[in-house]
Amino acid sequence: QVQLVESGGGLVQPGGSLKLSCAASGFTFSNYAMSWYRQAPGKERDLVASILDTGETFNYEDSVRGRFTISRDNVKNTVYLQMNNLKPEDTAVYYCNSARRWPWGQGTQVTVSS
C-alpha cells in the first residue's frame, strides 16, 4: 500500500525558510521521479518542482526557481523541498507525488505571513 507522508510545514515570516520532507513507502522509491505540488485555497493543485530517480532536477515552477531546491535520499525513501526567501504567495498546502500516480497524502500547510 502506497503511503506519502509530508511534514515540515508551518508559519514563517516573509523572507524565511522551511524544509519540507515527504516519506514514501509501498513502492520502489528509487525507480520513480518525484515531484512537489502545492494547492492554495480556491486554486488548482500545481506542480512546483520535480526530480528524476537519478537525482537530476527539472520542472521548477517559474515563481520558485532560484528560491526552492528539490532533493531526494533514495536510502531513506524521502524527497525534500528546501524553500528559501519565502513569500506570502507561497502560502499553500504542499504535497508530494510521482506524476500524480499515487494516492495523495495529507499534505503539509505552509503559511507565509508577518
# chains A, B, ... in the order shown; residues from 1 in each chain; ligands from 1
$ select_by_dssp --residues "segment 11-73 of chain A" --states "strand (DSSP E)" --output "number ranges by chain"
A: 11-12, 18-25, 34-39, 45-51, 57-58, 68-73
$ residues_around --residues "Leu20 of chain A" --least-positions-apart "3" --cutoff "9 Å" --atoms "only C-alpha atoms" --output "NGL selection string"
:A and (6-9 or 79-83 or 94 or 108)
$ write_last_selection --atoms "N, CA and C atoms" --output "compact mmCIF listing (two decimals), in the first residue's frame"
# COMPACT_ATOMS: atom_id res chain seq x y z
N GLU A 6 3.81 13.83 4.18
CA GLU A 6 4.51 15.11 4.12
C GLU A 6 4.62 15.73 5.51
N SER A 7 5.71 16.44 5.74
CA SER A 7 5.91 17.12 7.03
C SER A 7 6.84 18.30 6.83
N GLY A 8 6.93 19.13 7.87
CA GLY A 8 7.87 20.24 7.86
C GLY A 8 7.27 21.60 7.62
N GLY A 9 5.98 21.66 7.36
CA GLY A 9 5.34 22.96 7.13
C GLY A 9 5.20 23.74 8.42
N VAL A 79 11.80 12.51 -0.18
CA VAL A 79 12.07 13.65 -1.06
C VAL A 79 11.88 14.92 -0.23
N TYR A 80 12.72 15.90 -0.51
CA TYR A 80 12.75 17.13 0.27
C TYR A 80 12.46 18.34 -0.62
N LEU A 81 12.02 19.42 0.02
CA LEU A 81 11.89 20.69 -0.67
C LEU A 81 12.41 21.78 0.27
N GLN A 82 13.59 22.30 -0.05
CA GLN A 82 14.15 23.42 0.70
C GLN A 82 13.58 24.70 0.12
N MET A 83 12.93 25.48 0.94
CA MET A 83 12.28 26.71 0.49
C MET A 83 12.91 27.91 1.19
N TYR A 94 1.25 21.81 0.72
CA TYR A 94 2.25 21.20 -0.15
C TYR A 94 2.14 19.67 -0.08
N THR A 108 1.19 19.18 3.81
CA THR A 108 1.69 19.95 4.93
C THR A 108 1.46 21.43 4.63
$ residues_around --residues "Ser63 of chain A" --least-positions-apart "6" --cutoff "10 Å" --atoms "only C-alpha atoms" --output "PDB file with N, CA and C atoms, in the first residue's frame"
ATOM      1  N   VAL A  48       5.253  22.140  -8.536  1.00  0.00           N
ATOM      2  CA  VAL A  48       6.249  23.101  -8.064  1.00  0.00           C
ATOM      3  C   VAL A  48       7.646  22.732  -8.560  1.00  0.00           C
ATOM      4  N   GLU A  89       2.775  34.662  -1.263  1.00  0.00           N
ATOM      5  CA  GLU A  89       2.130  33.894  -2.328  1.00  0.00           C
ATOM      6  C   GLU A  89       2.555  32.434  -2.362  1.00  0.00           C
ATOM      7  N   ASP A  90       3.523  32.055  -1.529  1.00  0.00           N
ATOM      8  CA  ASP A  90       3.901  30.644  -1.401  1.00  0.00           C
ATOM      9  C   ASP A  90       2.983  29.909  -0.426  1.00  0.00           C
TER      10      ASP A  90
END
$ residues_around --residues "Leu4 of chain A" --least-positions-apart "6" --cutoff "7 Å" --atoms "only C-alpha atoms" --output "list in words"
Cys22, Ala23, Ala24, Ser25, Trp104 and Gly105 of chain A
$ write_last_selection --atoms "N, CA and C atoms" --output "PDB file, in the first residue's frame"
ATOM      1  N   CYS A  22       9.030  14.453   2.574  1.00  0.00           N
ATOM      2  CA  CYS A  22       7.966  13.514   2.174  1.00  0.00           C
ATOM      3  C   CYS A  22       8.538  12.114   2.264  1.00  0.00           C
ATOM      4  N   ALA A  23       8.033  11.342   3.205  1.00  0.00           N
ATOM      5  CA  ALA A  23       8.450   9.958   3.377  1.00  0.00           C
ATOM      6  C   ALA A  23       7.527   9.058   2.577  1.00  0.00           C
ATOM      7  N   ALA A  24       8.119   8.249   1.705  1.00  0.00           N
ATOM      8  CA  ALA A  24       7.349   7.383   0.823  1.00  0.00           C
ATOM      9  C   ALA A  24       7.525   5.927   1.209  1.00  0.00           C
ATOM     10  N   SER A  25       6.471   5.142   1.024  1.00  0.00           N
ATOM     11  CA  SER A  25       6.547   3.703   1.270  1.00  0.00           C
ATOM     12  C   SER A  25       5.534   3.001   0.378  1.00  0.00           C
ATOM     13  N   TRP A 104      -2.936  10.656  -2.822  1.00  0.00           N
ATOM     14  CA  TRP A 104      -2.336  11.810  -2.181  1.00  0.00           C
ATOM     15  C   TRP A 104      -2.232  11.623  -0.666  1.00  0.00           C
ATOM     16  N   GLY A 105      -1.166  12.175  -0.099  1.00  0.00           N
ATOM     17  CA  GLY A 105      -1.054  12.240   1.346  1.00  0.00           C
ATOM     18  C   GLY A 105      -1.889  13.376   1.893  1.00  0.00           C
TER      19      GLY A 105
END
